[in-house]
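Structure, as structure tokens:
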Amino acid sequence: MSFITKVKNDFTLISVLLIPVAVAINFVGFQLAQALKLPMYLDSIGTMLVGLIAGPWVGAATGLLTNLINGIFNPVYFAFIPIAILIGVLAGLFSKHKMMLGPIKIGICVVLMTLILTVAQAPIIVYVFGGATGTGSAAITAAFLASGKQIWESVFSSTIIAELSDKGISLVTAFFIAKSMSSRYLSKFKYGEQYMKKNKKTNIDDIV
């Protein structure tokens, strides 16, 4: 089976129908973070959720669509489209390799995602926005710059701090949303089975 065929197979009807719901979750999370003036975004919970249960490519599509829509209201999002795609891919890969089973593994996933995303987006922040995007970790970056640190050191430091909290909260939230879904619904997704409730005997009639 070719790579293209494998990707197409991930986009089942129910996976595609979940994407707009996930985009809405991303939008609500972002609005909440903005309203509370939090130094984070919370705009990738839906992307991670889709990646966890439907796979990396459906997660990537969710991230892409989220940033295309948000970019209409805030053009900053267009520059971070590759990051949004990467978030969906990483969440899907974590599920594929069963790395979301247990608090220790989830913690490792949070750290891995934070490091990868920091390395990926720091050049965008520095070269495209001069070190500050005006949202999220910009205030932290400004504080590091005011303390005498260089631009790259300030951006890396502030991004790690912001991403660790943002992606940590987002990934754990996405995990618990997945765990709260019914077995019947989860069984329809590529990686949904590993999030089914294990604390009681599952009736086979509930998942077919």
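How things are named: the first chain in the structure tokens is A, the next is B, and so on; residues count from 1 in each chain; ligands count from 1 in the order shown.
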
Residues of region 95-120 of chain A within 9 Å of region 48-59 of chain A: nearest atom pair and distance (Å, one decimal) for each, counting only C-alpha atoms, sorted by chain and number, as a Markdown table?
```
| residue | atom | partner | partner_atom | distance |
| --- | --- | --- | --- | --- |
| A:Ser95 | CA | A:Leu52 | CA | 5.3 |
| A:Lys96 | CA | A:Gly55 | CA | 7.3 |
| A:Met100 | CA | A:Leu52 | CA | 8.5 |
```

Given the selection you just returned, output its residues as a file containing all heavy atoms, formatted as an mmCIF file, in the first residue's frame.
```
data_model
loop_
_atom_site.group_PDB
_atom_site.id
_atom_site.type_symbol
_atom_site.label_atom_id
_atom_site.label_comp_id
_atom_site.auth_asym_id
_atom_site.auth_seq_id
_atom_site.Cartn_x
_atom_site.Cartn_y
_atom_site.Cartn_z
ATOM 1 N N SER A 95 -0.005 8.551 19.458
ATOM 2 C CA SER A 95 -1.015 7.490 19.563
ATOM 3 C C SER A 95 -0.577 6.242 18.803
ATOM 4 O O SER A 95 -0.746 5.120 19.273
ATOM 5 C CB SER A 95 -2.360 7.978 19.009
ATOM 6 O OG SER A 95 -3.235 8.361 20.043
ATOM 7 N N LYS A 96 -0.035 6.445 17.627
ATOM 8 C CA LYS A 96 0.392 5.324 16.804
ATOM 9 C C LYS A 96 1.373 4.432 17.549
ATOM 10 O O LYS A 96 1.320 3.197 17.454
ATOM 11 C CB LYS A 96 1.032 5.835 15.516
ATOM 12 C CG LYS A 96 1.543 4.731 14.595
ATOM 13 C CD LYS A 96 2.156 5.311 13.339
ATOM 14 C CE LYS A 96 2.671 4.192 12.421
ATOM 15 N NZ LYS A 96 3.272 4.739 11.168
ATOM 16 N N MET A 100 0.608 7.405 24.770
ATOM 17 C CA MET A 100 -0.316 8.163 25.610
ATOM 18 C C MET A 100 -0.970 7.281 26.662
ATOM 19 O O MET A 100 -2.047 7.594 27.169
ATOM 20 C CB MET A 100 -1.385 8.823 24.736
ATOM 21 C CG MET A 100 -0.857 9.919 23.829
ATOM 22 S SD MET A 100 -0.247 11.371 24.742
ATOM 23 C CE MET A 100 -1.767 12.005 25.443
#
```

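Summary of the local environment: counting only C-alpha atoms, residues at most 6 Å from region 35-46 of chain A, other than itself and those fewer than 5 positions away along its chain, are Ala22, Ile25, Asn26, Gly29, Phe30, Gly136, Ser137, Ala162, Asp166, Ser170 and Ala174 of chain A.
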
Next on the checklist: Between CA of Leu112 (chain A) and CA of Leu90 (chain A), what is the distance in Å, rounded to a tenth?
Outcome noted: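 Interatomic distance, CA of Leu112 (chain A) to CA of Leu90 (chain A): 9.2 Å.
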
Next on the checklist: Considering only C-alpha atoms, can you say which of A:Gln31, A:Ser165, A:Thr62, A:Ala146 comes closest to Ser15 (chain A)?
Outcome noted: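 Using only C-alpha atoms, the shortest distance to Ser15 (chain A) belongs to A:Thr62.
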
Checklist outcome for this item: Min atom-atom distance to Tyr127 (chain A) from the set A:Lys167, A:Val155, A:Ile108, A:Tyr77, counting only C-alpha atoms, belongs to A:Val155

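CA of Met113 (chain A) lies 19.2 Å from CA of Glu153 (chain A).
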
How would you write, as an mmCIF file with C-alpha atoms, in the first residue's frame, the set of residues in chain A that DSSP gives as helix (DSSP H, G or I)?
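The result, stored in selection-v8.cif:
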```cif
data_model
loop_
_atom_site.group_PDB
_atom_site.id
_atom_site.type_symbol
_atom_site.label_atom_id
_atom_site.label_comp_id
_atom_site.auth_asym_id
_atom_site.auth_seq_id
_atom_site.Cartn_x
_atom_site.Cartn_y
_atom_site.Cartn_z
ATOM 1 C CA PHE A 3 1.915 6.301 1.325
ATOM 2 C CA ILE A 4 -0.785 8.313 -0.469
ATOM 3 C CA THR A 5 -3.249 5.447 -0.107
ATOM 4 C CA LYS A 6 -2.497 5.135 3.604
ATOM 5 C CA VAL A 7 -3.127 8.848 4.077
ATOM 6 C CA LYS A 8 -6.405 8.678 2.153
ATOM 7 C CA ASN A 9 -7.541 5.708 4.226
ATOM 8 C CA ASP A 10 -7.204 7.788 7.394
ATOM 9 C CA LEU A 13 -16.283 9.937 6.767
ATOM 10 C CA ILE A 14 -16.485 10.064 10.564
ATOM 11 C CA SER A 15 -12.917 11.424 10.793
ATOM 12 C CA VAL A 16 -13.733 14.186 8.317
ATOM 13 C CA LEU A 17 -16.921 15.041 10.229
ATOM 14 C CA LEU A 18 -14.888 15.406 13.434
ATOM 15 C CA ILE A 19 -12.591 18.062 11.925
ATOM 16 C CA PRO A 20 -15.019 21.031 12.077
ATOM 17 C CA VAL A 21 -15.925 20.105 15.663
ATOM 18 C CA ALA A 22 -12.223 20.084 16.563
ATOM 19 C CA VAL A 23 -11.685 23.439 14.834
ATOM 20 C CA ALA A 24 -14.501 24.864 16.967
ATOM 21 C CA ILE A 25 -12.814 23.481 20.108
ATOM 22 C CA ASN A 26 -9.575 25.191 19.051
ATOM 23 C CA PHE A 27 -11.384 28.482 18.527
ATOM 24 C CA VAL A 28 -13.128 28.343 21.916
ATOM 25 C CA GLY A 29 -9.842 27.482 23.654
ATOM 26 C CA PHE A 30 -8.095 30.424 22.023
ATOM 27 C CA GLN A 31 -10.885 32.843 22.909
ATOM 28 C CA LEU A 32 -10.784 31.656 26.514
ATOM 29 C CA ALA A 33 -7.026 32.192 26.716
ATOM 30 C CA GLN A 34 -7.405 35.663 25.198
ATOM 31 C CA ALA A 35 -10.238 36.629 27.533
ATOM 32 C CA ILE A 45 -6.777 21.014 21.863
ATOM 33 C CA GLY A 46 -9.043 19.970 19.007
ATOM 34 C CA THR A 47 -6.090 19.337 16.713
ATOM 35 C CA MET A 48 -4.497 17.067 19.303
ATOM 36 C CA LEU A 49 -7.769 15.265 19.950
ATOM 37 C CA VAL A 50 -8.189 14.440 16.263
ATOM 38 C CA GLY A 51 -4.559 13.385 15.994
ATOM 39 C CA LEU A 52 -4.867 11.095 19.023
ATOM 40 C CA ILE A 53 -7.903 9.154 17.819
ATOM 41 C CA ALA A 54 -7.898 9.575 14.025
ATOM 42 C CA PRO A 56 -1.481 12.181 12.275
ATOM 43 C CA TRP A 57 -2.745 13.175 8.845
ATOM 44 C CA VAL A 58 -6.287 13.973 9.944
ATOM 45 C CA GLY A 59 -4.745 15.864 12.859
ATOM 46 C CA ALA A 60 -2.543 17.773 10.423
ATOM 47 C CA ALA A 61 -5.579 18.715 8.323
ATOM 48 C CA THR A 62 -7.329 19.988 11.457
ATOM 49 C CA GLY A 63 -4.353 22.164 12.373
ATOM 50 C CA LEU A 64 -4.148 23.520 8.828
ATOM 51 C CA LEU A 65 -7.837 24.406 8.692
ATOM 52 C CA THR A 66 -7.710 25.997 12.150
ATOM 53 C CA ASN A 67 -4.905 28.360 11.212
ATOM 54 C CA LEU A 68 -6.431 29.203 7.830
ATOM 55 C CA ILE A 69 -9.643 30.277 9.558
ATOM 56 C CA ASN A 70 -7.953 32.068 12.468
ATOM 57 C CA GLY A 71 -5.606 33.758 10.023
ATOM 58 C CA ILE A 72 -8.566 35.614 8.545
ATOM 59 C CA PHE A 73 -9.008 37.393 11.881
ATOM 60 C CA VAL A 76 -0.137 36.004 12.532
ATOM 61 C CA TYR A 77 -1.709 32.544 12.307
ATOM 62 C CA PHE A 78 -0.767 32.168 8.644
ATOM 63 C CA ALA A 79 2.930 32.156 9.529
ATOM 64 C CA ILE A 81 0.499 26.992 9.680
ATOM 65 C CA PRO A 82 3.491 24.562 9.588
ATOM 66 C CA ILE A 83 3.460 24.467 13.402
ATOM 67 C CA ALA A 84 -0.280 23.735 13.509
ATOM 68 C CA ILE A 85 0.239 20.878 11.050
ATOM 69 C CA LEU A 86 3.171 19.567 13.088
ATOM 70 C CA ILE A 87 1.058 19.507 16.264
ATOM 71 C CA GLY A 88 -1.505 17.245 14.610
ATOM 72 C CA VAL A 89 1.200 14.964 13.228
ATOM 73 C CA LEU A 90 2.953 14.657 16.596
ATOM 74 C CA ALA A 91 -0.280 13.849 18.450
ATOM 75 C CA GLY A 92 -1.069 11.176 15.880
ATOM 76 C CA LEU A 93 2.396 9.657 16.101
ATOM 77 C CA PHE A 94 2.165 9.543 19.882
ATOM 78 C CA SER A 95 -1.015 7.490 19.563
ATOM 79 C CA LYS A 96 0.392 5.324 16.804
ATOM 80 C CA PRO A 103 0.980 9.562 33.168
ATOM 81 C CA ILE A 104 4.734 9.040 32.733
ATOM 82 C CA LYS A 105 4.419 8.464 28.989
ATOM 83 C CA ILE A 106 2.084 11.443 28.650
ATOM 84 C CA GLY A 107 4.632 13.578 30.488
ATOM 85 C CA ILE A 108 7.327 12.438 28.062
ATOM 86 C CA CYS A 109 5.035 13.318 25.149
ATOM 87 C CA VAL A 110 4.525 16.825 26.556
ATOM 88 C CA VAL A 111 8.281 17.379 26.860
ATOM 89 C CA LEU A 112 8.968 15.987 23.380
ATOM 90 C CA MET A 113 6.271 18.122 21.801
ATOM 91 C CA THR A 114 7.515 21.218 23.631
ATOM 92 C CA LEU A 115 11.103 20.756 22.460
ATOM 93 C CA ILE A 116 10.174 19.946 18.862
ATOM 94 C CA LEU A 117 7.741 22.848 18.551
ATOM 95 C CA THR A 118 10.184 25.280 20.168
ATOM 96 C CA VAL A 119 12.912 24.413 17.664
ATOM 97 C CA ALA A 120 10.419 24.570 14.788
ATOM 98 C CA GLN A 121 8.811 27.903 15.598
ATOM 99 C CA ALA A 122 11.690 29.925 17.041
ATOM 100 C CA PRO A 123 13.021 30.809 13.536
ATOM 101 C CA ILE A 124 9.530 31.965 12.524
ATOM 102 C CA ILE A 125 9.257 34.187 15.585
ATOM 103 C CA VAL A 126 12.717 35.684 15.077
ATOM 104 C CA TYR A 127 12.864 36.079 11.288
ATOM 105 C CA VAL A 128 9.223 36.838 10.512
ATOM 106 C CA PHE A 129 8.186 38.799 13.593
ATOM 107 C CA ALA A 138 5.543 37.927 23.692
ATOM 108 C CA ALA A 139 5.473 39.430 27.195
ATOM 109 C CA ILE A 140 7.839 36.739 28.460
ATOM 110 C CA THR A 141 10.193 37.376 25.540
ATOM 111 C CA ALA A 142 10.160 41.092 26.316
ATOM 112 C CA ALA A 143 11.056 40.351 29.936
ATOM 113 C CA PHE A 144 14.050 38.256 28.891
ATOM 114 C CA LEU A 145 15.204 40.955 26.444
ATOM 115 C CA ALA A 146 14.893 43.581 29.170
ATOM 116 C CA ILE A 151 17.095 37.714 20.890
ATOM 117 C CA TRP A 152 17.568 33.997 20.159
ATOM 118 C CA GLU A 153 18.090 33.103 23.803
ATOM 119 C CA SER A 154 15.055 35.172 24.787
ATOM 120 C CA VAL A 155 12.822 33.592 22.146
ATOM 121 C CA PHE A 156 13.913 30.036 22.941
ATOM 122 C CA SER A 157 13.516 30.588 26.691
ATOM 123 C CA SER A 158 10.100 32.207 26.464
ATOM 124 C CA THR A 159 8.849 29.711 23.879
ATOM 125 C CA ILE A 160 9.842 26.729 26.007
ATOM 126 C CA ILE A 161 8.068 28.210 29.037
ATOM 127 C CA ALA A 162 4.913 29.053 27.089
ATOM 128 C CA GLU A 163 4.835 25.819 25.084
ATOM 129 C CA LEU A 164 5.418 23.596 28.101
ATOM 130 C CA SER A 165 2.354 24.990 29.854
ATOM 131 C CA ASP A 166 0.235 25.444 26.736
ATOM 132 C CA LYS A 167 0.890 22.092 25.122
ATOM 133 C CA GLY A 168 0.907 20.310 28.466
ATOM 134 C CA ILE A 169 -2.568 21.563 29.330
ATOM 135 C CA SER A 170 -3.799 21.043 25.769
ATOM 136 C CA LEU A 171 -2.496 17.492 25.389
ATOM 137 C CA VAL A 172 -3.818 16.363 28.765
ATOM 138 C CA THR A 173 -7.189 17.977 28.009
ATOM 139 C CA ALA A 174 -7.354 16.258 24.618
ATOM 140 C CA PHE A 175 -6.509 12.953 26.295
ATOM 141 C CA PHE A 176 -9.328 13.284 28.839
ATOM 142 C CA ILE A 177 -11.793 14.308 26.142
ATOM 143 C CA ALA A 178 -10.863 11.157 24.224
ATOM 144 C CA LYS A 179 -11.225 9.042 27.370
ATOM 145 C CA SER A 180 -14.682 10.501 27.979
ATOM 146 C CA SER A 183 -16.623 3.078 23.155
ATOM 147 C CA ARG A 184 -19.041 2.894 20.243
ATOM 148 C CA TYR A 185 -17.778 6.221 18.898
ATOM 149 C CA LEU A 186 -14.090 5.576 19.574
ATOM 150 C CA GLY A 192 -9.724 5.124 19.227
ATOM 151 C CA GLU A 193 -9.553 1.700 20.844
ATOM 152 C CA GLN A 194 -6.705 2.580 23.202
ATOM 153 C CA TYR A 195 -8.840 5.330 24.789
ATOM 154 C CA ILE A 204 -19.798 -5.992 22.201
ATOM 155 C CA ASP A 205 -23.145 -4.601 21.071
ATOM 156 C CA ASP A 206 -21.985 -1.117 22.144
#
```
